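What's in work22.txt: compact mmCIF, C-alpha atoms
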# COMPACT_ATOMS: atom_id res chain seq x y z
CA MET P 26 -48.65 -7.81 -16.11
CA LEU P 27 -46.19 -4.90 -16.15
CA ALA P 28 -43.16 -7.21 -15.76
CA GLY P 29 -44.34 -9.36 -18.70
CA GLU P 30 -44.68 -6.29 -20.93
CA LEU P 31 -41.18 -5.10 -19.94
CA LEU P 32 -39.64 -8.48 -20.76
CA ALA P 33 -41.48 -8.66 -24.09
CA GLY P 34 -40.26 -5.17 -25.01
CA LEU P 35 -36.70 -6.04 -23.99
CA ALA P 36 -36.76 -9.21 -26.11
CA GLN P 37 -38.05 -7.25 -29.10
CA ASP P 38 -35.30 -4.61 -28.69
CA LEU P 39 -32.58 -7.29 -28.41
CA ARG P 40 -33.80 -9.03 -31.59
CA TYR P 41 -33.79 -5.72 -33.46
CA GLY P 42 -30.27 -4.91 -32.20
CA PHE P 43 -28.86 -8.30 -33.25
CA ARG P 44 -30.50 -7.98 -36.70
CA THR P 45 -28.92 -4.54 -37.16
CA LEU P 46 -25.49 -5.78 -36.09
CA ARG P 47 -25.74 -8.79 -38.42
CA LYS P 48 -26.55 -6.52 -41.41
CA ASN P 49 -23.54 -4.21 -40.77
CA PRO P 50 -20.42 -6.32 -40.04
CA GLY P 51 -18.06 -3.29 -40.23
CA PHE P 52 -20.06 -1.38 -37.64
CA THR P 53 -20.27 -4.54 -35.51
CA ALA P 54 -16.47 -4.92 -35.55
CA VAL P 55 -15.93 -1.27 -34.56
CA ALA P 56 -18.56 -1.51 -31.80
CA MET P 57 -17.00 -4.72 -30.41
CA LEU P 58 -13.51 -3.15 -30.52
CA ALA P 59 -14.76 -0.05 -28.69
CA LEU P 60 -16.43 -2.21 -26.04
CA ALA P 61 -13.29 -4.35 -25.61
CA LEU P 62 -11.05 -1.28 -25.26
CA GLY P 63 -13.45 0.37 -22.82
CA ILE P 64 -13.77 -2.72 -20.65
CA GLY P 65 -9.98 -3.29 -20.74
CA ALA P 66 -9.21 0.34 -19.80
CA ASN P 67 -11.73 0.29 -16.95
CA THR P 68 -10.30 -2.97 -15.64
CA ALA P 69 -6.74 -1.61 -15.75
CA ILE P 70 -7.68 1.65 -14.01
CA PHE P 71 -9.66 -0.18 -11.32
CA SER P 72 -6.73 -2.53 -10.71
CA VAL P 73 -4.38 0.41 -10.14
CA VAL P 74 -6.85 2.31 -7.94
CA ASN P 75 -7.64 -0.82 -5.95
CA GLY P 76 -3.96 -1.64 -5.43
CA VAL P 77 -2.90 1.90 -4.53
CA LEU P 78 -5.88 3.47 -2.78
CA LEU P 79 -8.46 0.93 -1.69
CA ARG P 80 -6.47 -2.03 -0.32
CA PRO P 81 -4.93 -1.44 3.10
CA LEU P 82 -1.17 -1.21 3.49
CA ALA P 83 0.62 -4.52 3.94
CA TYR P 84 1.69 -3.69 7.49
CA PRO P 85 0.24 -4.95 10.76
CA ASP P 86 -2.07 -2.29 12.26
CA ALA P 87 -1.72 -0.14 9.12
CA GLY P 88 -4.55 2.09 10.32
CA ARG P 89 -2.42 3.21 13.25
CA LEU P 90 0.51 4.46 11.12
CA LEU P 91 1.04 8.21 10.76
CA MET P 92 3.44 10.34 8.75
CA ILE P 93 4.47 13.61 10.36
CA TYR P 94 5.94 16.55 8.45
CA GLU P 95 7.23 19.97 9.40
CA THR P 96 5.85 23.02 7.59
CA THR P 97 6.95 26.60 7.05
CA ALA P 98 5.53 29.56 5.18
CA GLU P 99 7.71 28.68 2.15
CA PHE P 100 7.20 24.89 2.15
CA ARG P 101 3.93 23.05 2.64
CA GLN P 102 5.69 19.95 3.92
CA TYR P 103 9.24 18.76 4.29
CA SER P 104 10.96 16.01 6.22
CA VAL P 105 11.63 16.43 9.91
CA ALA P 106 15.16 17.36 10.94
CA TYR P 107 16.85 14.37 12.57
CA PRO P 108 17.53 16.17 15.90
CA ASN P 109 13.83 17.10 16.06
CA TYR P 110 12.91 13.47 15.40
CA LEU P 111 15.18 12.35 18.24
CA ASP P 112 13.58 14.92 20.60
CA TRP P 113 10.06 13.91 19.57
CA ARG P 114 10.85 10.22 20.00
CA ARG P 115 12.31 10.78 23.44
CA GLU P 116 9.59 13.13 24.70
CA THR P 117 6.40 11.71 23.18
CA HIS P 118 3.94 9.62 25.12
CA SER P 119 1.22 9.62 22.44
CA PHE P 120 2.86 7.09 20.12
CA THR P 121 3.99 3.53 20.69
CA ASP P 122 7.20 4.24 18.78
CA MET P 123 8.55 6.41 15.97
CA GLY P 124 10.69 5.80 12.90
CA ALA P 125 12.23 8.29 10.50
CA VAL P 126 12.62 8.07 6.74
CA ARG P 127 14.06 10.52 4.20
CA SER P 128 14.63 10.16 0.45
CA GLY P 129 18.08 10.53 -1.02
CA ASP P 130 20.21 9.80 -4.06
CA PHE P 131 23.19 7.48 -3.80
CA ASN P 132 26.09 6.52 -6.05
CA PHE P 133 26.07 2.78 -6.73
CA THR P 134 29.52 1.53 -7.69
CA GLY P 135 31.03 -1.85 -8.38
CA ALA P 136 31.77 -3.64 -11.62
CA GLY P 137 31.18 -1.30 -14.54
CA GLN P 138 30.09 2.32 -14.58
CA PRO P 139 28.81 3.97 -11.38
CA GLU P 140 25.08 4.66 -11.34
CA GLN P 141 23.00 7.10 -9.35
CA VAL P 142 20.07 5.40 -7.61
CA SER P 143 17.28 6.71 -5.41
CA GLY P 144 16.93 5.31 -1.92
CA GLU P 145 15.89 6.09 1.61
CA TYR P 146 17.70 7.03 4.78
CA VAL P 147 15.89 5.26 7.64
CA SER P 148 16.23 5.21 11.39
CA ALA P 149 16.98 1.96 13.19
CA SER P 150 13.48 1.91 14.68
CA LEU P 151 11.61 2.08 11.35
CA PHE P 152 11.45 -1.67 10.68
CA PRO P 153 10.06 -2.59 14.12
CA VAL P 154 7.54 0.29 13.83
CA LEU P 155 6.31 -1.11 10.50
CA GLY P 156 6.39 -4.65 11.86
CA VAL P 157 8.53 -5.97 9.01
CA THR P 158 11.84 -7.78 8.69
CA PRO P 159 14.29 -7.32 5.84
CA PHE P 160 14.12 -9.84 3.01
CA LEU P 161 17.90 -10.20 3.00
CA GLY P 162 20.35 -9.25 5.74
CA ALA P 163 19.65 -8.10 9.26
CA VAL P 164 17.89 -5.23 10.97
CA PHE P 165 20.03 -2.47 12.42
CA CYS P 166 21.46 -3.13 15.84
CA LEU P 167 19.58 -1.04 18.40
CA ARG P 168 21.99 -0.30 21.18
CA LYS P 169 21.42 2.02 24.11
CA THR P 170 24.49 4.09 24.76
CA ALA P 171 25.35 5.16 28.25
CA ARG P 172 25.86 8.87 28.65
CA ALA P 173 28.92 9.98 30.50
CA ARG P 174 28.08 11.77 33.70
CA PRO P 175 29.97 14.93 34.51
CA ALA P 176 32.52 14.61 37.29
CA ARG P 177 31.45 16.07 40.64

Would you put the structure from the file into structure tokens?
Amino acid sequence: MLAGELLAGLAQDLRYGFRTLRKNPGFTAVAMLALALGIGANTAIFSVVNGVLLRPLAYPDAGRLLMIYETTAEFRQYSVAYPNYLDWRRETHSFTDMGAVRSGDFNFTGAGQPEQVSGEYVSASLFPVLGVTPFLGAVFCLRKTARARPAR
């Protein structure tokens, strides 16, 4: 009998609410606008959070990707020096492979005024590490260079 009483009370409350809204059209319009804005804002925020934080990265085996930084007493994190990256890549046995990336600003010239654009310096191994191919053009040529041996 408890469920029947709850449903009867809910029906009575809904009828009272609709009667009140029908008597005050100005209040009804403001309440509907507030609900629409609240629902729209929540949907937009969830879409951003879902796209940025909740969905996995669009790379194969994204859970196995790591980003490594160097730290000092003055800086919490900064990019790894390229010679250090080369040493780490050569000496490590813990990772399948390594790629390096560093932000930079570039001057874009051509027809019209030059423009400064932001971009990335990347190592040749970054694309294979991420498991992606460029949309246009080709991946860097990975070539092993033979080291000259000292004369005996």

- Task: Mind checking which residues fall within 10 Å of segment 82-98 of chain P, counting only C-alpha atoms, ignoring those fewer than 4 positions away in the same chain, and posting them as number ranges by chain?
- Result: P: 76-78, 102-106, 109-110, 120-121, 123-126, 154-157

- List the neighbours of Val164 of chain P out to 10 Å using only C-alpha atoms; skip same-chain residues closer than 4 positions along the sequence, and give me the result as a PyMOL selection string. chain P and resi 149-153+157-160

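Going from atom CA of Gly63 of chain P to atom CA of Leu46 of chain P covers 18.9 Å.
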
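Neighbours of segment 138-147 of chain P closer than or equal to 7 Å, with all atoms listed in the file counted and sequence neighbours fewer than 4 positions away skipped, come out as Ala125, Val126, Arg127, Ser128, Gly129, Asp130, Phe131, Asn132, Phe133, Thr134 and Leu151 of chain P.
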
- Note on the structure: Taken to one decimal, the atom CA of Ala54 of chain P-atom CA of Gly42 of chain P distance is 14.2 Å

- For atom CA of Ala28 of chain P and atom CA of Arg47 of chain P, the interatomic separation in Å (one decimal): 28.6 Å

Centre, edges in Å (one decimal): axis-aligned box, segment 42-56 of chain P, 3 Å padding on all six sides, as JSON:
{"center_x": -23.2, "center_y": -5.0, "center_z": -36.6, "size_x": 20.6, "size_y": 13.5, "size_z": 15.6}

Is it possible to add N, CA, C and O atoms to segment 99-115 of chain P and hand it back as a PDB file, keeping the file's coordinate frame?
ATOM      1  N   GLU P  99       7.222  28.920   3.507  1.00  0.00           N
ATOM      2  CA  GLU P  99       7.710  28.680   2.150  1.00  0.00           C
ATOM      3  C   GLU P  99       7.404  27.270   1.647  1.00  0.00           C
ATOM      4  O   GLU P  99       7.222  27.063   0.461  1.00  0.00           O
ATOM      5  N   PHE P 100       7.386  26.278   2.555  1.00  0.00           N
ATOM      6  CA  PHE P 100       7.200  24.890   2.150  1.00  0.00           C
ATOM      7  C   PHE P 100       5.980  24.298   2.847  1.00  0.00           C
ATOM      8  O   PHE P 100       5.854  24.396   4.063  1.00  0.00           O
ATOM      9  N   ARG P 101       5.117  23.659   2.067  1.00  0.00           N
ATOM     10  CA  ARG P 101       3.930  23.050   2.640  1.00  0.00           C
ATOM     11  C   ARG P 101       4.278  21.865   3.526  1.00  0.00           C
ATOM     12  O   ARG P 101       3.688  21.667   4.571  1.00  0.00           O
ATOM     13  N   GLN P 102       5.237  21.066   3.091  1.00  0.00           N
ATOM     14  CA  GLN P 102       5.690  19.950   3.920  1.00  0.00           C
ATOM     15  C   GLN P 102       7.107  19.584   3.543  1.00  0.00           C
ATOM     16  O   GLN P 102       7.474  19.610   2.386  1.00  0.00           O
ATOM     17  N   TYR P 103       7.904  19.274   4.528  1.00  0.00           N
ATOM     18  CA  TYR P 103       9.240  18.760   4.290  1.00  0.00           C
ATOM     19  C   TYR P 103       9.597  17.841   5.440  1.00  0.00           C
ATOM     20  O   TYR P 103       8.966  17.851   6.492  1.00  0.00           O
ATOM     21  N   SER P 104      10.624  17.021   5.222  1.00  0.00           N
ATOM     22  CA  SER P 104      10.960  16.010   6.220  1.00  0.00           C
ATOM     23  C   SER P 104      11.463  16.659   7.507  1.00  0.00           C
ATOM     24  O   SER P 104      12.025  17.741   7.502  1.00  0.00           O
ATOM     25  N   VAL P 105      11.256  15.955   8.574  1.00  0.00           N
ATOM     26  CA  VAL P 105      11.630  16.430   9.910  1.00  0.00           C
ATOM     27  C   VAL P 105      13.140  16.357  10.057  1.00  0.00           C
ATOM     28  O   VAL P 105      13.767  15.379   9.645  1.00  0.00           O
ATOM     29  N   ALA P 106      13.726  17.385  10.654  1.00  0.00           N
ATOM     30  CA  ALA P 106      15.160  17.360  10.940  1.00  0.00           C
ATOM     31  C   ALA P 106      15.444  16.238  11.942  1.00  0.00           C
ATOM     32  O   ALA P 106      14.663  16.003  12.866  1.00  0.00           O
ATOM     33  N   TYR P 107      16.557  15.535  11.740  1.00  0.00           N
ATOM     34  CA  TYR P 107      16.850  14.370  12.570  1.00  0.00           C
ATOM     35  C   TYR P 107      16.932  14.718  14.068  1.00  0.00           C
ATOM     36  O   TYR P 107      16.391  13.977  14.893  1.00  0.00           O
ATOM     37  N   PRO P 108      17.549  15.842  14.463  1.00  0.00           N
ATOM     38  CA  PRO P 108      17.530  16.170  15.900  1.00  0.00           C
ATOM     39  C   PRO P 108      16.114  16.379  16.440  1.00  0.00           C
ATOM     40  O   PRO P 108      15.816  15.991  17.573  1.00  0.00           O
ATOM     41  N   ASN P 109      15.221  16.954  15.632  1.00  0.00           N
ATOM     42  CA  ASN P 109      13.830  17.100  16.060  1.00  0.00           C
ATOM     43  C   ASN P 109      13.172  15.736  16.234  1.00  0.00           C
ATOM     44  O   ASN P 109      12.431  15.506  17.184  1.00  0.00           O
ATOM     45  N   TYR P 110      13.439  14.828  15.282  1.00  0.00           N
ATOM     46  CA  TYR P 110      12.910  13.470  15.400  1.00  0.00           C
ATOM     47  C   TYR P 110      13.375  12.824  16.701  1.00  0.00           C
ATOM     48  O   TYR P 110      12.582  12.207  17.412  1.00  0.00           O
ATOM     49  N   LEU P 111      14.663  12.954  17.006  1.00  0.00           N
ATOM     50  CA  LEU P 111      15.180  12.350  18.240  1.00  0.00           C
ATOM     51  C   LEU P 111      14.500  12.947  19.467  1.00  0.00           C
ATOM     52  O   LEU P 111      14.140  12.224  20.408  1.00  0.00           O
ATOM     53  N   ASP P 112      14.291  14.274  19.474  1.00  0.00           N
ATOM     54  CA  ASP P 112      13.580  14.920  20.600  1.00  0.00           C
ATOM     55  C   ASP P 112      12.152  14.415  20.683  1.00  0.00           C
ATOM     56  O   ASP P 112      11.663  14.095  21.773  1.00  0.00           O
ATOM     57  N   TRP P 113      11.448  14.365  19.573  1.00  0.00           N
ATOM     58  CA  TRP P 113      10.060  13.910  19.570  1.00  0.00           C
ATOM     59  C   TRP P 113       9.967  12.471  20.053  1.00  0.00           C
ATOM     60  O   TRP P 113       9.092  12.127  20.834  1.00  0.00           O
ATOM     61  N   ARG P 114      10.878  11.627  19.603  1.00  0.00           N
ATOM     62  CA  ARG P 114      10.850  10.220  20.000  1.00  0.00           C
ATOM     63  C   ARG P 114      11.089  10.068  21.498  1.00  0.00           C
ATOM     64  O   ARG P 114      10.466   9.239  22.156  1.00  0.00           O
ATOM     65  N   ARG P 115      11.990  10.864  22.024  1.00  0.00           N
ATOM     66  CA  ARG P 115      12.310  10.780  23.440  1.00  0.00           C
ATOM     67  C   ARG P 115      11.188  11.342  24.310  1.00  0.00           C
ATOM     68  O   ARG P 115      10.864  10.808  25.359  1.00  0.00           O
TER      69      ARG P 115
END
